[in-house]
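Right, one structure below, let's go through it.
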Number of protein chains: 2
Amino acid sequence: MKEVKIGILGFGTVGAGVVEGLLKNGELMAQRTGIRPVVAKIADLDIETDRGVAVGKGVLTTDALAVIDDPDIDVVVELVGGVTFAKEFVLRALKNGKPVVTANKALLAEAGRELFEASAKSGAGLYFEASVGGGIPVLRALKDGLVGNQIQSMYGILNGTCNYILTRMEREGLDFDTVLADAQRLGYAETPPDLDIDGIDTAHKAVLLASLAYGAPVPMEAFTIEGIRGLSHREIEYADELGYRIKLLAVIRNVDGQVEMRVEPSFVPMDHLLASVNDSFNAVFVEGDVVGETLYYGRGAGRLPTASAVIGDIMEAAEGKGGVCDWLLHNESLPVRGAEDISIRCYLRLSLKDQPDVIAKVAHVLGKNDISIASIMQKEQNAGEQVPVVFLTHKALEKNFAAAMEEIELLDVVDGKPVRLAIEDFE
Amino acid sequence: MKEVKIGILGFGTVGAGVVEGLLKNGELMAQRTGIRPVVAKIADLDIETDRGVAVGKGVLTTDALAVIDDPDIDVVVELVGGVTFAKEFVLRALKNGKPVVTANKALLAEAGRELFEASAKSGAGLYFEASVGGGIPVLRALKDGLVGNQIQSMYGILNGTCNYILTRMEREGLDFDTVLADAQRLGYAETPPDLDIDGIDTAHKAVLLASLAYGAPVPMEAFTIEGIRGLSHREIEYADELGYRIKLLAVIRNVDGQVEMRVEPSFVPMDHLLASVNDSFNAVFVEGDVVGETLYYGRGAGRLPTASAVIGDIMEAAEGKGGVCDWLLHNESLPVRGAEDISIRCYLRLSLKDQPDVIAKVAHVLGKNDISIASIMQKEQNAGEQVPVVFLTHKALEKNFAAAMEEIELLDVVDGKPVRLAIEDFE
């Protein structure tokens with residue numbers, strides 16, 4: 001039986017998970033594919049710590065190049081993390097003609113083009129299923145199963161930490177800071193948590209999804225990236241009352257040949273499947289022009305779910321499948337729609353003084369900016385208190401919302417900072 | 001650029017959908033894969049009817065063998081349907097060394113082993129993504145993305161017609177016969193509808209899922225197959241009250257090395273994602289030992305969704321990928337758990353005479369059969385009327401339920417036929 005000799009760079013959490021999965025199910029995989037996976041070498045600076053998995057003698061090394069340059073290694077798995085060393089290692093392995101499997105979304109989002117070019121040049125494939133949606137085989141769905149489709153839109157819940165925080169805020173009525181602190185204590189959120197909660201991680205993954213769908217990278221600077229930091233529990237309560245859940249959503253749409261991208265906390269109608277994606281789970285809703293609506297759901301992170309995707313890629317590389325790299329270089333870069341073209345519905349919450357005609361003043365500003373109001377919700381308060389008023393709008397241009405919000409904040413009847421969130425109706 | 005010459009057998013609804021998809025997105029697929037799909041030949045007995053898609057001169061023929069035996073054809077697509085001719089065509093194409101793409105689940109469920117053997121012998125792949133879950137790339141997920149996993153369980157909503165009927169019964173408060181008649185009028189259900197509503201189609205698909213997960217076919221005779229025919233609207237109302245939806249569920253579980261399979265209408269907890277799969281959509285919930293829980297959702301049938309899967313398979317065949325057939329022959333046949341080993345929870349609805357100690361009599365029979373009661377729901381009725389009483393049980397052996405139901409039906413306090421449905425807690 002054919003063997004595939006695997007060289008792993010980085011023996012941390014995921015690396016140990018990959019070894020565990022291969023030890024547990026290697027024989028099954030050999031039966032399924034006719035190829036036996038063998039962990040031949042593992043490089044890490046720390047080869048003393050016990051990782052809880054059995055590794056053969058002479059497998060561990062502190063020298064990454066001893067893996068990358070070893071002519072016996074068939075597939076290199078990059079689990080080093082970060083950008084600097086990881087990039088150097090991946091480029092060198094590709095140059096050596098070795099297919100590379102990686103879970104490093106930051107590396108791909110920031111240096112993807114260079115890596116895809118190196119892959120196209122050497123003919124060695126670059127596999128990165130684990131970089132988006134953890135164990136969910138969603139990149140494969142895009143490049144294989146849905147190959148006959150123009151992708152019209154994708155809506156993703158792509159960050160498990162954010163979804164975990166939002167779910168707990170919703171279920172337990174807690175505020176953001178409390179849940180974040182608890183999530184950090186439990187190991188569900190990193191310290192510092194910025195990459196996750198500010199939407200950067202979600203944006204990295206959105207860039208990869210867009211690349212696969214449209215054959216070109218999208219620069220991170222070209223679209224709105226907003227996280228869930230400081231989201232108030234009041235928004236979650238109002239959303240619930242209005243029939244919505246709040247999710248940190250990546251929106252990727254093909255509109256008249258341009259790509260519309262956004263990463264922001266968004267209202268999702270309760271009867272949409274994405275509203276039922278809870279805890280640290282991820283999901284991607286994909287609409288193709290032939291297949292219609294599809295959805296892919298699973299664990300977005302974690303030692304074993306990520307290992308599942310890495311192992312799937314190792315076997316694909318071993319079977320000599322893949323080679324998406326040409327397509328990823330197909331377009332120079334994508335025309336991205338700006339705020340002056342993107343139309344969305346919004347939820348606005350304002351804290352208004354309790355005096356006559358305050359609503360009229362706000363409505364006037366909205367009207368002046370071509371934003372029409374779909375509904376207003378105001379609850380009775382005690383006289384003299386601040387009155388929270390919620391507006392749901394019809395669709396309007398994003399730039400008009402920006403302008404209106406600036407004006408509204410300056411109105412003397414408005415207290416504090418107005419809150420604006422997108423409403424996603426999946427239309 | 002490399003071309004793949006496609007020969008299509010059967011120019012019906014799906015056949016025309018495949019041609020439409022290839023015409024629309026063929027150029028995009030060429031960019032993505034480096035292979036240009038070309039519809040070279042289409043065989044059908046009727047080549048006069050306008051199918052609404054443009055077909056080049058000389059492409060249409062009434063002679064299937066002129067396609068199958070043409071040395072220029074690279075991939076044969078079987079969309080003839082039925083078992084007799086389809087089987088002959090597929091075997092001949094495989095023998096000719098041509099990879100075959102098919103959407104014919106009845107053929108695969110009934111003659112799979114013979115076809116997989118022919119494929120293994122000739123080395124030509126057999127691709128059948130479109131046979132399960134329409135456009136959802138769930139078979140690929142099993143054989144590629146989750147290749148490193150032991151599949152612990154799969155729960156599928158696999159028949160769009162049944163799910164459409166159940167959804168309308170639930171939303172509109174209609175009874176089964178009314179919705180079925182309407183579904184037939186609208187073309188959502190066939191006439192006769194037996195294959196769908198009696199669970200046979202779902203069972204065919206379950207057999208294919210089990211084959212891919214466990215490397216062997218499961219005989220249809222070896223497991224319970226029950227459809228939704230005659231399901232009363234009262235069950236749907238009670239389910240709703242108890243926090244469940246009723247779905248026609250295929251359950252496939254690996255329990256201690258044996259396969260547990262069932263196809264039956266089942267109570268699904270409302271907060272489970274499968275409870276939110278409505279209308280004619282399908283979904284498969286898959287648990288792997290490495291990846292954890294995943295779910296795949298989309299249109300389970302229809303001209304274009306099915307075409308999307310067929311086209312994906314064509315490109316996979318063209319790229320020379322695949323070759324799962326050895327694995328599908330790996331085990332002689334699977335050890336299947338029988339009713340004497342399968343443990344389930346149940347919902348029982350009985351119509352009881354309004355007299356003292358009726359509940360005690362029923363409870364006595366259940367207890368005697370080792371079935372313990374989790375809860376009882378009885379609403380106040382007018383004196384002297386039949387009293388509907390609902391029991392939810394704890395887990396008990398399926399054979400004990402069968403015995404208990406027989407006894408209960410004979411009790412003089414019980415009117416009419418008791419209703420029993422499975423409750424699926426996904427544990």
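In the structure tokens, chains take the letters A, B, ... in the order shown, each chain's residues start at 1, and ligands count up from 1 in the order shown.
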
Would you mind writing down, as a ChimeraX atom specification, each residue of region 183-414 of chain A that DSSP on the backbone assigns to strand (DSSP E or B)?
/A:224-225,244-255,258-269,281-288,292-299,336,343-352,373-378,387-393,396-397,414

Set the distance at 6 Å and use only C-alpha atoms: which residues neighbour Ala130 (chain B) once local chain neighbours fewer than 6 positions away are removed? I'd like the list as an MDAnalysis selection string.
chainID B and resid 103 306 309:310

Export of the given selection (C-alpha atoms) as a compact mmCIF listing (two decimals), in the first residue's frame:
# COMPACT_ATOMS: atom_id res chain seq x y z
CA ALA B 103 -28.25 10.48 -9.62
CA THR B 306 -29.57 18.08 -8.77
CA ALA B 309 -24.28 17.95 -7.91
CA VAL B 310 -24.09 16.12 -11.26

If the cut-off is 6 Å, can you tell me the residues of chain B near chain A, counting only C-alpha atoms? I'd like them as a ChimeraX atom specification.
/B:32,135,137,145,147-148,290-291,293-298,304-305,308,311-312,327

So that I have them on file, write out the residues from the current selection with N, CA and C atoms, as a JSON list (two decimals), in the first residue's frame.
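What ended up in out-v9.json:
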[["chain", "number", "residue", "atom", "x", "y", "z"],
["B", 32, "ARG", "N", -11.77, 27.81, -13.30],
["B", 32, "ARG", "CA", -11.52, 27.29, -11.96],
["B", 32, "ARG", "C", -10.67, 26.03, -11.96],
["B", 135, "GLY", "N", -28.51, 18.88, -4.27],
["B", 135, "GLY", "CA", -27.32, 19.69, -4.54],
["B", 135, "GLY", "C", -26.34, 19.77, -3.38],
["B", 137, "PRO", "N", -23.38, 19.00, -1.13],
["B", 137, "PRO", "CA", -22.21, 18.13, -1.32],
["B", 137, "PRO", "C", -21.89, 17.32, -0.06],
["B", 145, "GLY", "N", -13.65, 15.44, 3.03],
["B", 145, "GLY", "CA", -13.42, 16.34, 4.16],
["B", 145, "GLY", "C", -13.34, 15.61, 5.50],
["B", 147, "VAL", "N", -12.61, 12.37, 5.90],
["B", 147, "VAL", "CA", -11.94, 11.07, 5.69],
["B", 147, "VAL", "C", -11.21, 10.59, 6.94],
["B", 148, "GLY", "N", -10.78, 11.52, 7.80],
["B", 148, "GLY", "CA", -10.05, 11.14, 9.00],
["B", 148, "GLY", "C", -10.94, 10.82, 10.19],
["B", 290, "VAL", "N", -13.58, 12.85, 15.31],
["B", 290, "VAL", "CA", -12.56, 13.91, 15.38],
["B", 290, "VAL", "C", -13.21, 15.28, 15.21],
["B", 291, "VAL", "N", -14.07, 15.41, 14.22],
["B", 291, "VAL", "CA", -14.62, 16.73, 13.89],
["B", 291, "VAL", "C", -15.74, 17.15, 14.83],
["B", 293, "GLU", "N", -19.72, 17.55, 15.76],
["B", 293, "GLU", "CA", -20.99, 17.70, 15.04],
["B", 293, "GLU", "C", -20.85, 18.61, 13.83],
["B", 294, "THR", "N", -21.39, 18.15, 12.70],
["B", 294, "THR", "CA", -21.45, 19.00, 11.51],
["B", 294, "THR", "C", -22.83, 18.85, 10.89],
["B", 295, "LEU", "N", -23.20, 19.80, 10.03],
["B", 295, "LEU", "CA", -24.49, 19.71, 9.34],
["B", 295, "LEU", "C", -24.38, 20.28, 7.94],
["B", 296, "TYR", "N", -25.09, 19.65, 7.01],
["B", 296, "TYR", "CA", -25.08, 20.04, 5.60],
["B", 296, "TYR", "C", -26.53, 20.20, 5.17],
["B", 297, "TYR", "N", -26.84, 21.32, 4.53],
["B", 297, "TYR", "CA", -28.23, 21.71, 4.27],
["B", 297, "TYR", "C", -28.38, 22.24, 2.86],
["B", 298, "GLY", "N", -29.47, 21.96, 2.21],
["B", 298, "GLY", "CA", -29.73, 22.53, 0.89],
["B", 298, "GLY", "C", -30.95, 21.89, 0.26],
["B", 304, "LEU", "N", -32.33, 22.10, -11.10],
["B", 304, "LEU", "CA", -31.02, 22.73, -10.99],
["B", 304, "LEU", "C", -30.19, 22.26, -9.79],
["B", 305, "PRO", "N", -30.77, 22.15, -8.60],
["B", 305, "PRO", "CA", -29.94, 21.63, -7.48],
["B", 305, "PRO", "C", -29.32, 20.27, -7.81],
["B", 308, "SER", "N", -26.51, 20.72, -10.18],
["B", 308, "SER", "CA", -25.29, 21.24, -9.53],
["B", 308, "SER", "C", -24.41, 20.10, -9.05],
["B", 311, "ILE", "N", -22.95, 18.12, -12.04],
["B", 311, "ILE", "CA", -21.85, 18.87, -12.66],
["B", 311, "ILE", "C", -20.58, 18.78, -11.80],
["B", 312, "GLY", "N", -20.74, 18.89, -10.48],
["B", 312, "GLY", "CA", -19.60, 18.72, -9.59],
["B", 312, "GLY", "C", -18.92, 17.37, -9.80],
["B", 327, "TRP", "N", -13.32, 1.10, -1.25],
["B", 327, "TRP", "CA", -13.78, 1.25, 0.12],
["B", 327, "TRP", "C", -15.22, 0.76, 0.28]]

Contacts of Ala86 (chain B) at 9 Å or less, counting only C-alpha atoms, minus same-chain residues fewer than 5 places along, as a CSV table (one decimal) with N, CA and C atoms, in the first residue's frame?
chain,number,residue,atom,x,y,z
B,9,LEU,N,-27.0,10.4,-20.8
B,9,LEU,CA,-28.1,9.4,-21.1
B,9,LEU,C,-29.3,9.9,-20.4
B,78,GLU,N,-25.5,9.1,-16.3
B,78,GLU,CA,-26.7,8.3,-16.4
B,78,GLU,C,-27.9,9.0,-15.7
B,79,LEU,N,-28.8,9.5,-16.5
B,79,LEU,CA,-30.0,10.2,-15.9
B,79,LEU,C,-31.3,9.5,-16.5
B,80,VAL,N,-31.2,8.2,-16.8
B,80,VAL,CA,-32.3,7.5,-17.4
B,80,VAL,C,-33.4,7.2,-16.3
B,81,GLY,N,-32.9,6.9,-15.1
B,81,GLY,CA,-33.9,6.5,-14.1
B,81,GLY,C,-34.2,5.1,-14.2
B,91,LEU,N,-23.1,-0.4,-16.3
B,91,LEU,CA,-22.2,-1.5,-16.3
B,91,LEU,C,-21.3,-1.5,-17.6
B,104,ASN,N,-29.1,8.2,-9.6
B,104,ASN,CA,-30.1,7.1,-9.5
B,104,ASN,C,-29.9,6.4,-8.2
B,107,LEU,N,-31.2,2.6,-8.1
B,107,LEU,CA,-30.2,1.8,-8.7
B,107,LEU,C,-29.1,1.4,-7.8

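What separates CA of Lys98 (chain A) from CA of Ala318 (chain B) is a distance of 23.9 Å.
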
Considering only C-alpha atoms, return as a PyMOL selection string whatever protein or nucleic-acid residues lie within 10 Å of region 331-333 of chain B, sequence-local ones (same chain, fewer than 6 positions apart) excluded.
chain B and resi 113+211+214-219

Can I get the selection written as a PDB file, in the first residue's frame, with C-alpha atoms?
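Listing of part.pdb after writing:
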ATOM      1  CA  ARG B 113     -22.433  -3.782  -4.941  1.00  0.00           C
ATOM      2  CA  SER B 211     -22.122   2.568   2.671  1.00  0.00           C
ATOM      3  CA  TYR B 214     -18.883   2.122   6.900  1.00  0.00           C
ATOM      4  CA  GLY B 215     -17.599   0.598   3.668  1.00  0.00           C
ATOM      5  CA  ALA B 216     -20.439  -1.786   2.964  1.00  0.00           C
ATOM      6  CA  PRO B 217     -24.017  -1.786   1.808  1.00  0.00           C
ATOM      7  CA  VAL B 218     -26.833  -2.380   4.294  1.00  0.00           C
ATOM      8  CA  PRO B 219     -29.692  -4.518   2.985  1.00  0.00           C
TER       9      PRO B 219
END

Proximity check region 193-254 of chain B to region 160-164 of chain B, 7 Å, nearest pairs one decimal Å, only C-alpha atoms, as a Markdown table:
| residue | atom | partner | partner_atom | distance |
| --- | --- | --- | --- | --- |
| B:Asp196 | CA | B:Thr161 | CA | 6.6 |
| B:Ile197 | CA | B:Cys162 | CA | 5.9 |
| B:Lys247 | CA | B:Asn163 | CA | 6.8 |
| B:Leu248 | CA | B:Cys162 | CA | 6.9 |
